[in-house]
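Quick notes on the structure that follows.
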Amino acid sequence: MFNKKIIPVYIFLIAFALQANASPLPLLKVSSAKRYLVTSDGKPFFWMGDTGWLLLTKLNREDMSSYFKQRKQQGFNVIQVMLLHSLEATDVYGDSALHNQNVSAPAVTTGNDFIHAEQYDYWDNVDYAVKAAEANGLYMALVPVWGTNVKAGGVSIDEAKAYARFLADRYKNNSNIIWMNGGDIEGDIHEEVWNAIGETLYQYDKNHLITFHPRGRNGSYKWFNDASWLSFNMVQSGHRNYAQDTAVKDLKYGEDNWRYINDAYQLQPAKPVLDAEPSYEDIPQGLHDTTQPRWQAADIRRYAYWSIFAGACGFTYGHNSIMQFKRIGDTNVAYGADKNWQQAMNATGANEMQYVVKLMQSVVFETAKPFQDIVKNSGDKYERLAALRGKNFAFVYTYNGKNIEVDMNMLDGKKSKAFWYNPRNGDKIFIETINNSGVHAFNPPGDKKDGNDWILILEKI
């Protein structure tokens, strides 16, 4: 066991403060309409996630707290984290997560005390992260064990059940937990293990939602929509561009992440769905060839609004350097990440996610449904005009600033106020008051080009 008495005293002071001052967040549940999430006190919850996958193995406690604080300030409310990236997982203090790489044998020390140096371990460090996230108003979407470990045969059914029971017992009373089964894997690869984890969590932890994080170009609904343990669906739309999307096994939707949302939206039983891993900001298109162009903030905005306007209950952002928490001096770096994670925290796309939240929270978003019929000139790929409608409002998104032709007859009431919403800074610009009759063309500001994206807002008078 690493001698943690060398850890600076101020980290323990932070831990004491967390224990003393953190107030529980409300539990999350599925709304009665089965399309969105709500809190246990009845408030609508719009998911804005960040992929902090390797947080538990790469960050010390001071950095965890700093990361959580800044992400909350930027409008995020969910952090997606791996509990076990590998069966050899250790934290930065040298603590192993497991005995003998066996998920049914978590390496837990006597005392279960995440403050006192002589007693805490890997799982007490997880406890600290959960408490620190809660203190910053953040939910933790925890992946029990990443899919590669199960694919390699490292987890049996009995071990999966024992491990899931351990997690349920340990975290069922933490209000800011979401269980994210799977981890970048097809659900039919050792499906019995994924069901064992899901069913055990569902049996012993009735407080928390459970979902499944699938392989790229897939959705959890492909295997588990009928499973009683699956509360809501997740999509990983992936990192390939249109031309790179050539895999035989996967759906060939290219960059059209909205199509996965649409597929899930048509299913019964109805369950909320979101894109939990679209292309990361600053990652090479297709991932592995670092000479390829990198996905930019405009692409991330497009994925966000395309999926949300297709009916998603939220969205998850990702950054190449953040998801692996690249540090100064790291030599084992994936996908050509060339920024330190602290630098990447202020990436353009990350800062622009707050304007997604601002827009959705400006309306009664839990009443929203896809509304493509209102658009008369939508096209394919970057020409797509995505539309959403809810109580007293309608939104239409253009990625490249093309004109938007709207059938005003489909709106409620006699008149609407029209606005442009700028997804780069959150500005709302009044256009005109217009009669709800006929087809009306709206011309977005600026020239037509990829990345000149705008949202047309139509508000009922």
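Residues in the structure tokens are numbered from 1 in each chain, the chains being A, B, ... in the order shown, and ligands are numbered from 1 in the order shown.
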
Report task. Tell me, as a list in words, which residues lie within 10 Å of range 325-328 of chain A, counting only C-alpha atoms; anything in the same chain fewer than 5 positions away does not count. Result ->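 In the requested form, the answer reads Gly52, Trp53, Leu54, Leu55, Thr57, Lys58, Leu59, His319, Asn320, Val333, Ala334, Ala337, Asp338, Lys339, Asn340, Trp341, Gln342, Gln343 and Ala344 of chain A.
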
Would you give me, as a tab-separated table, each residue of range 360-458 of chain A having an atom within 12 Å of an atom of range 261-279 of chain A, along with its shortest atom pair and that distance in Å to one decimal, using only C-alpha atoms and sorting by chain and residue number?
```
residue	atom	partner	partner_atom	distance
A:Glu366	CA	A:Pro272	CA	11.0
A:Lys369	CA	A:Tyr265	CA	9.9
A:Pro370	CA	A:Asn262	CA	9.0
A:Phe371	CA	A:Asn262	CA	11.8
A:Gln372	CA	A:Asn262	CA	11.4
A:Ala386	CA	A:Asn262	CA	11.8
```

Requested in this report: Could you jot down the CA of Glu62 in chain A to CA of Asn176 in chain A separation for me, Å, one decimal place?
Outcome: 20.1 Å

Query raised in the report: When distances are computed from only C-alpha atoms, which of A:Met64, A:Ala347, A:Ala297, A:Ala164 shows the smallest separation from Gly451 in chain A?
Result: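 Among A:Met64, A:Ala347, A:Ala297, A:Ala164, it is A:Ala297 that comes nearest to Gly451 in chain A.
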
Report task. Rank nothing, just name the residue among A:Tyr202, A:Tyr139, A:Phe395, A:Phe365 nearest to Leu456 in chain A, using only C-alpha atoms. Result ->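 Smallest distance to Leu456 in chain A is found for A:Phe395.
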
Could you write out, as a PDB file with N, CA and C atoms, in the first residue's frame, all the residues of range 17-176 of chain A that DSSP marks as helix (DSSP H, G or I)?
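Final file, out-v4.pdb:
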```pdb
ATOM      1  N   ALA A  17     -14.043  19.002   4.100  1.00  0.00           N
ATOM      2  CA  ALA A  17     -15.059  19.970   3.680  1.00  0.00           C
ATOM      3  C   ALA A  17     -16.156  19.298   2.875  1.00  0.00           C
ATOM      4  N   LEU A  18     -15.785  18.346   2.034  1.00  0.00           N
ATOM      5  CA  LEU A  18     -16.784  17.632   1.245  1.00  0.00           C
ATOM      6  C   LEU A  18     -17.741  16.867   2.134  1.00  0.00           C
ATOM      7  N   GLN A  19     -17.193  16.185   3.117  1.00  0.00           N
ATOM      8  CA  GLN A  19     -18.045  15.426   4.038  1.00  0.00           C
ATOM      9  C   GLN A  19     -18.983  16.337   4.808  1.00  0.00           C
ATOM     10  N   ALA A  20     -18.484  17.510   5.170  1.00  0.00           N
ATOM     11  CA  ALA A  20     -19.262  18.393   6.032  1.00  0.00           C
ATOM     12  C   ALA A  20     -20.314  19.183   5.270  1.00  0.00           C
ATOM     13  N   ASN A  21     -20.010  19.548   3.992  1.00  0.00           N
ATOM     14  CA  ASN A  21     -20.832  20.547   3.325  1.00  0.00           C
ATOM     15  C   ASN A  21     -21.643  20.028   2.140  1.00  0.00           C
ATOM     16  N   LEU A  55     -10.561   9.459 -15.312  1.00  0.00           N
ATOM     17  CA  LEU A  55     -10.411  10.338 -14.152  1.00  0.00           C
ATOM     18  C   LEU A  55      -9.885   9.600 -12.923  1.00  0.00           C
ATOM     19  N   LEU A  56     -10.382   8.402 -12.661  1.00  0.00           N
ATOM     20  CA  LEU A  56     -10.053   7.706 -11.410  1.00  0.00           C
ATOM     21  C   LEU A  56      -8.629   7.148 -11.400  1.00  0.00           C
ATOM     22  N   THR A  57      -8.038   6.977 -12.573  1.00  0.00           N
ATOM     23  CA  THR A  57      -6.680   6.438 -12.617  1.00  0.00           C
ATOM     24  C   THR A  57      -5.632   7.494 -12.960  1.00  0.00           C
ATOM     25  N   LYS A  58      -6.067   8.673 -13.419  1.00  0.00           N
ATOM     26  CA  LYS A  58      -5.101   9.662 -13.867  1.00  0.00           C
ATOM     27  C   LYS A  58      -5.017  10.918 -12.997  1.00  0.00           C
ATOM     28  N   ARG A  61      -6.563  14.012  -6.094  1.00  0.00           N
ATOM     29  CA  ARG A  61      -7.799  14.582  -5.543  1.00  0.00           C
ATOM     30  C   ARG A  61      -7.920  16.077  -5.802  1.00  0.00           C
ATOM     31  N   GLU A  62      -6.806  16.773  -5.734  1.00  0.00           N
ATOM     32  CA  GLU A  62      -6.836  18.203  -6.021  1.00  0.00           C
ATOM     33  C   GLU A  62      -7.299  18.449  -7.453  1.00  0.00           C
ATOM     34  N   ASP A  63      -6.746  17.680  -8.405  1.00  0.00           N
ATOM     35  CA  ASP A  63      -7.120  17.854  -9.806  1.00  0.00           C
ATOM     36  C   ASP A  63      -8.563  17.432 -10.057  1.00  0.00           C
ATOM     37  N   MET A  64      -9.024  16.377  -9.389  1.00  0.00           N
ATOM     38  CA  MET A  64     -10.434  15.994  -9.508  1.00  0.00           C
ATOM     39  C   MET A  64     -11.342  17.163  -9.144  1.00  0.00           C
ATOM     40  N   SER A  65     -11.081  17.756  -8.002  1.00  0.00           N
ATOM     41  CA  SER A  65     -11.931  18.843  -7.532  1.00  0.00           C
ATOM     42  C   SER A  65     -11.884  20.032  -8.486  1.00  0.00           C
ATOM     43  N   SER A  66     -10.695  20.336  -9.014  1.00  0.00           N
ATOM     44  CA  SER A  66     -10.556  21.436  -9.967  1.00  0.00           C
ATOM     45  C   SER A  66     -11.331  21.150 -11.245  1.00  0.00           C
ATOM     46  N   TYR A  67     -11.217  19.927 -11.739  1.00  0.00           N
ATOM     47  CA  TYR A  67     -11.937  19.525 -12.951  1.00  0.00           C
ATOM     48  C   TYR A  67     -13.441  19.633 -12.757  1.00  0.00           C
ATOM     49  N   PHE A  68     -13.942  19.087 -11.656  1.00  0.00           N
ATOM     50  CA  PHE A  68     -15.384  19.143 -11.399  1.00  0.00           C
ATOM     51  C   PHE A  68     -15.872  20.583 -11.315  1.00  0.00           C
ATOM     52  N   LYS A  69     -15.142  21.418 -10.629  1.00  0.00           N
ATOM     53  CA  LYS A  69     -15.553  22.813 -10.451  1.00  0.00           C
ATOM     54  C   LYS A  69     -15.671  23.529 -11.785  1.00  0.00           C
ATOM     55  N   GLN A  70     -14.688  23.350 -12.659  1.00  0.00           N
ATOM     56  CA  GLN A  70     -14.728  24.044 -13.942  1.00  0.00           C
ATOM     57  C   GLN A  70     -15.808  23.485 -14.850  1.00  0.00           C
ATOM     58  N   ARG A  71     -15.967  22.180 -14.866  1.00  0.00           N
ATOM     59  CA  ARG A  71     -17.018  21.623 -15.719  1.00  0.00           C
ATOM     60  C   ARG A  71     -18.404  22.102 -15.279  1.00  0.00           C
ATOM     61  N   LYS A  72     -18.640  22.215 -13.994  1.00  0.00           N
ATOM     62  CA  LYS A  72     -19.918  22.747 -13.526  1.00  0.00           C
ATOM     63  C   LYS A  72     -20.101  24.182 -14.000  1.00  0.00           C
ATOM     64  N   GLN A  73     -19.067  24.975 -13.932  1.00  0.00           N
ATOM     65  CA  GLN A  73     -19.137  26.363 -14.388  1.00  0.00           C
ATOM     66  C   GLN A  73     -19.424  26.449 -15.879  1.00  0.00           C
ATOM     67  N   TYR A 122      -8.228   2.282  -3.223  1.00  0.00           N
ATOM     68  CA  TYR A 122      -8.760   2.670  -4.539  1.00  0.00           C
ATOM     69  C   TYR A 122     -10.243   3.047  -4.443  1.00  0.00           C
ATOM     70  N   TRP A 123     -10.987   2.250  -3.718  1.00  0.00           N
ATOM     71  CA  TRP A 123     -12.437   2.474  -3.676  1.00  0.00           C
ATOM     72  C   TRP A 123     -12.784   3.664  -2.792  1.00  0.00           C
ATOM     73  N   ASP A 124     -11.960   3.943  -1.795  1.00  0.00           N
ATOM     74  CA  ASP A 124     -12.165   5.167  -1.039  1.00  0.00           C
ATOM     75  C   ASP A 124     -11.868   6.388  -1.910  1.00  0.00           C
ATOM     76  N   ASN A 125     -10.948   6.231  -2.847  1.00  0.00           N
ATOM     77  CA  ASN A 125     -10.676   7.308  -3.790  1.00  0.00           C
ATOM     78  C   ASN A 125     -11.868   7.512  -4.727  1.00  0.00           C
ATOM     79  N   VAL A 126     -12.532   6.419  -5.114  1.00  0.00           N
ATOM     80  CA  VAL A 126     -13.778   6.534  -5.878  1.00  0.00           C
ATOM     81  C   VAL A 126     -14.820   7.276  -5.051  1.00  0.00           C
ATOM     82  N   ASP A 127     -14.916   6.915  -3.762  1.00  0.00           N
ATOM     83  CA  ASP A 127     -15.857   7.611  -2.884  1.00  0.00           C
ATOM     84  C   ASP A 127     -15.592   9.109  -2.882  1.00  0.00           C
ATOM     85  N   TYR A 128     -14.297   9.460  -2.813  1.00  0.00           N
ATOM     86  CA  TYR A 128     -13.936  10.874  -2.817  1.00  0.00           C
ATOM     87  C   TYR A 128     -14.423  11.551  -4.097  1.00  0.00           C
ATOM     88  N   ALA A 129     -14.199  10.907  -5.246  1.00  0.00           N
ATOM     89  CA  ALA A 129     -14.610  11.484  -6.518  1.00  0.00           C
ATOM     90  C   ALA A 129     -16.124  11.683  -6.565  1.00  0.00           C
ATOM     91  N   VAL A 130     -16.863  10.693  -6.075  1.00  0.00           N
ATOM     92  CA  VAL A 130     -18.325  10.798  -6.065  1.00  0.00           C
ATOM     93  C   VAL A 130     -18.769  11.971  -5.190  1.00  0.00           C
ATOM     94  N   LYS A 131     -18.161  12.098  -4.013  1.00  0.00           N
ATOM     95  CA  LYS A 131     -18.503  13.199  -3.102  1.00  0.00           C
ATOM     96  C   LYS A 131     -18.104  14.547  -3.694  1.00  0.00           C
ATOM     97  N   ALA A 132     -16.920  14.626  -4.305  1.00  0.00           N
ATOM     98  CA  ALA A 132     -16.456  15.882  -4.888  1.00  0.00           C
ATOM     99  C   ALA A 132     -17.349  16.301  -6.057  1.00  0.00           C
ATOM    100  N   ALA A 133     -17.783  15.340  -6.864  1.00  0.00           N
ATOM    101  CA  ALA A 133     -18.708  15.647  -7.954  1.00  0.00           C
ATOM    102  C   ALA A 133     -20.023  16.183  -7.403  1.00  0.00           C
ATOM    103  N   GLU A 134     -20.542  15.515  -6.390  1.00  0.00           N
ATOM    104  CA  GLU A 134     -21.804  15.950  -5.792  1.00  0.00           C
ATOM    105  C   GLU A 134     -21.699  17.351  -5.208  1.00  0.00           C
ATOM    106  N   ALA A 135     -20.561  17.651  -4.580  1.00  0.00           N
ATOM    107  CA  ALA A 135     -20.350  18.981  -4.008  1.00  0.00           C
ATOM    108  C   ALA A 135     -20.367  20.053  -5.081  1.00  0.00           C
ATOM    109  N   GLY A 147     -15.522  -2.652 -21.621  1.00  0.00           N
ATOM    110  CA  GLY A 147     -15.875  -3.812 -22.431  1.00  0.00           C
ATOM    111  C   GLY A 147     -14.735  -4.700 -22.861  1.00  0.00           C
ATOM    112  N   THR A 148     -13.544  -4.138 -23.070  1.00  0.00           N
ATOM    113  CA  THR A 148     -12.420  -4.960 -23.523  1.00  0.00           C
ATOM    114  C   THR A 148     -12.081  -6.070 -22.540  1.00  0.00           C
ATOM    115  N   ASN A 149     -12.282  -5.809 -21.249  1.00  0.00           N
ATOM    116  CA  ASN A 149     -11.979  -6.823 -20.232  1.00  0.00           C
ATOM    117  C   ASN A 149     -12.938  -8.000 -20.306  1.00  0.00           C
ATOM    118  N   VAL A 150     -14.194  -7.711 -20.590  1.00  0.00           N
ATOM    119  CA  VAL A 150     -15.186  -8.770 -20.726  1.00  0.00           C
ATOM    120  C   VAL A 150     -14.987  -9.516 -22.044  1.00  0.00           C
ATOM    121  N   LYS A 151     -14.691  -8.769 -23.098  1.00  0.00           N
ATOM    122  CA  LYS A 151     -14.457  -9.387 -24.400  1.00  0.00           C
ATOM    123  C   LYS A 151     -13.299 -10.380 -24.339  1.00  0.00           C
ATOM    124  N   ILE A 157     -19.693 -14.878 -15.294  1.00  0.00           N
ATOM    125  CA  ILE A 157     -21.022 -14.470 -14.843  1.00  0.00           C
ATOM    126  C   ILE A 157     -21.058 -14.330 -13.330  1.00  0.00           C
ATOM    127  N   ASP A 158     -20.522 -15.311 -12.621  1.00  0.00           N
ATOM    128  CA  ASP A 158     -20.540 -15.254 -11.159  1.00  0.00           C
ATOM    129  C   ASP A 158     -19.711 -14.083 -10.637  1.00  0.00           C
ATOM    130  N   GLU A 159     -18.574 -13.836 -11.257  1.00  0.00           N
ATOM    131  CA  GLU A 159     -17.756 -12.695 -10.846  1.00  0.00           C
ATOM    132  C   GLU A 159     -18.472 -11.384 -11.120  1.00  0.00           C
ATOM    133  N   ALA A 160     -19.163 -11.313 -12.253  1.00  0.00           N
ATOM    134  CA  ALA A 160     -19.915 -10.103 -12.597  1.00  0.00           C
ATOM    135  C   ALA A 160     -21.016  -9.831 -11.573  1.00  0.00           C
ATOM    136  N   LYS A 161     -21.712 -10.874 -11.163  1.00  0.00           N
ATOM    137  CA  LYS A 161     -22.777 -10.710 -10.174  1.00  0.00           C
ATOM    138  C   LYS A 161     -22.222 -10.241  -8.835  1.00  0.00           C
ATOM    139  N   ALA A 162     -21.121 -10.844  -8.407  1.00  0.00           N
ATOM    140  CA  ALA A 162     -20.528 -10.456  -7.121  1.00  0.00           C
ATOM    141  C   ALA A 162     -20.032  -9.019  -7.158  1.00  0.00           C
ATOM    142  N   TYR A 163     -19.418  -8.636  -8.246  1.00  0.00           N
ATOM    143  CA  TYR A 163     -18.905  -7.276  -8.390  1.00  0.00           C
ATOM    144  C   TYR A 163     -20.041  -6.254  -8.434  1.00  0.00           C
ATOM    145  N   ALA A 164     -21.084  -6.555  -9.201  1.00  0.00           N
ATOM    146  CA  ALA A 164     -22.228  -5.645  -9.272  1.00  0.00           C
ATOM    147  C   ALA A 164     -22.912  -5.512  -7.919  1.00  0.00           C
ATOM    148  N   ARG A 165     -22.961  -6.607  -7.152  1.00  0.00           N
ATOM    149  CA  ARG A 165     -23.546  -6.540  -5.805  1.00  0.00           C
ATOM    150  C   ARG A 165     -22.691  -5.636  -4.908  1.00  0.00           C
ATOM    151  N   PHE A 166     -21.377  -5.744  -5.027  1.00  0.00           N
ATOM    152  CA  PHE A 166     -20.469  -4.869  -4.280  1.00  0.00           C
ATOM    153  C   PHE A 166     -20.745  -3.404  -4.611  1.00  0.00           C
ATOM    154  N   LEU A 167     -20.879  -3.083  -5.896  1.00  0.00           N
ATOM    155  CA  LEU A 167     -21.131  -1.699  -6.308  1.00  0.00           C
ATOM    156  C   LEU A 167     -22.479  -1.213  -5.807  1.00  0.00           C
ATOM    157  N   ALA A 168     -23.498  -2.064  -5.944  1.00  0.00           N
ATOM    158  CA  ALA A 168     -24.838  -1.670  -5.493  1.00  0.00           C
ATOM    159  C   ALA A 168     -24.851  -1.386  -4.002  1.00  0.00           C
ATOM    160  N   ASP A 169     -24.253  -2.255  -3.229  1.00  0.00           N
ATOM    161  CA  ASP A 169     -24.238  -2.070  -1.778  1.00  0.00           C
ATOM    162  C   ASP A 169     -23.452  -0.822  -1.374  1.00  0.00           C
ATOM    163  N   ARG A 170     -22.376  -0.550  -2.093  1.00  0.00           N
ATOM    164  CA  ARG A 170     -21.502   0.552  -1.697  1.00  0.00           C
ATOM    165  C   ARG A 170     -22.087   1.916  -2.088  1.00  0.00           C
ATOM    166  N   TYR A 171     -22.788   1.993  -3.229  1.00  0.00           N
ATOM    167  CA  TYR A 171     -23.177   3.301  -3.762  1.00  0.00           C
ATOM    168  C   TYR A 171     -24.683   3.536  -3.867  1.00  0.00           C
TER     169      TYR A 171
END
```

Query - Between CA of Gly153 in chain A and CA of Thr200 in chain A, distance in Å (one decimal) - result: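 Taking CA of Gly153 in chain A as the start and CA of Thr200 in chain A as the end point, the length is 19.3 Å.
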
Report task. Could you pull out the residues in range 82-153 of chain A that DSSP calls strand (DSSP E or B) from the backbone, as a ChimeraX atom specification? Result -> /A:82,90,96,98-99,102-106,139-143

Go ahead and write the selection's residues with C-alpha atoms as a compact mmCIF listing (two decimals), in the first residue's frame.
```
# COMPACT_ATOMS: atom_id res chain seq x y z
CA MET A 82 -14.71 4.20 -15.96
CA THR A 90 -4.53 1.55 -9.99
CA SER A 96 -4.93 -1.43 -6.94
CA LEU A 98 -8.72 -5.52 -7.39
CA HIS A 99 -7.04 -8.51 -5.81
CA ASN A 102 -10.63 -10.42 -10.12
CA VAL A 103 -13.67 -8.14 -10.21
CA SER A 104 -15.31 -10.20 -7.48
CA ALA A 105 -12.41 -9.34 -5.15
CA PRO A 106 -12.23 -5.54 -4.81
CA TYR A 139 -23.81 13.34 -11.41
CA MET A 140 -21.37 10.48 -12.02
CA ALA A 141 -22.20 7.99 -14.80
CA LEU A 142 -20.03 5.07 -13.71
CA VAL A 143 -18.95 2.24 -16.02
```

Report task. For Lys29 in chain A, list every protein, DNA or RNA residue within 8 Å, evaluated using only C-alpha atoms, and leave out those in the same chain fewer than 2 positions away; present the list as number ranges by chain. Result -> A: 27, 31, 37-40, 208-209

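The spacing separating CA of Phe315 in chain A from CA of Asn233 in chain A amounts to 12.1 Å.
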
Report task. Name the closest residue to Gly438 in chain A among the candidates A:Met360, A:Ala394, A:Leu411, A:Ala33; distances are taken between atoms, counting only C-alpha atoms. Result -> A:Leu411

Query raised in the report: Out of A:Gly329, A:Arg259, A:Gly314, A:Thr109, which residue has the shortest atom-to-atom distance to Asp380 in chain A when counting only C-alpha atoms?
Result: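 Ranking A:Gly329, A:Arg259, A:Gly314, A:Thr109 by distance to Asp380 in chain A, first place goes to A:Arg259.
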
Query raised in the report: Can you list, as a list in words, every protein, DNA or RNA residue that comes within 7 Å of range 222-224 of chain A when you count only C-alpha atoms, leaving out same-chain residues fewer than 5 positions away?
Result: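 Neighbouring residues, sequence-local ones excluded: Gly187, Asp188 and Leu230 of chain A.
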
How about saving the chosen residues, C-alpha atoms kept, as a compact mmCIF listing (two decimals), in the first residue's frame?
```txt
# COMPACT_ATOMS: atom_id res chain seq x y z
CA GLY A 187 -24.00 -6.09 -26.38
CA ASP A 188 -24.02 -9.57 -27.92
CA LEU A 230 -32.22 -0.71 -18.90
```

Which neighbours of Gly254 in chain A fall inside 8 Å, counting only C-alpha atoms, when residues of the same chain fewer than 4 positions from it are skipped, and could you give them as a PDB file with C-alpha atoms, in the first residue's frame?
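Generated output (around.pdb):
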```
ATOM      1  CA  ARG A 240     -15.645   8.401 -38.412  1.00  0.00           C
ATOM      2  CA  ASN A 241     -16.669  10.765 -41.194  1.00  0.00           C
ATOM      3  CA  TYR A 242     -19.020   9.860 -44.048  1.00  0.00           C
ATOM      4  CA  ALA A 243     -16.280   8.453 -46.294  1.00  0.00           C
ATOM      5  CA  GLN A 244     -14.707   6.386 -43.505  1.00  0.00           C
ATOM      6  CA  ASP A 245     -17.938   4.666 -42.517  1.00  0.00           C
TER       7      ASP A 245
END
```

Requested in this report: For Gly75 in chain A, work out the shell of residues within 8 Å, counting only C-alpha atoms and skipping chain neighbours fewer than 5 positions away, then give it as number ranges by chain.
Outcome: A: 48, 353-354, 357

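When the distance limit is 10 Å and only C-alpha atoms are what count, the residues near Trp306 in chain A, minus those fewer than 5 positions from it on the same chain, are A:Asp256, A:Asn257, A:Trp258, A:Arg259, A:Ile261, A:Ile300, A:Arg301, A:Gly311, A:Ala312, A:Arg384, A:Leu385, A:Ala386, A:Ala387, A:Leu388, A:Val396, A:Tyr397, A:Thr398, A:Tyr399.
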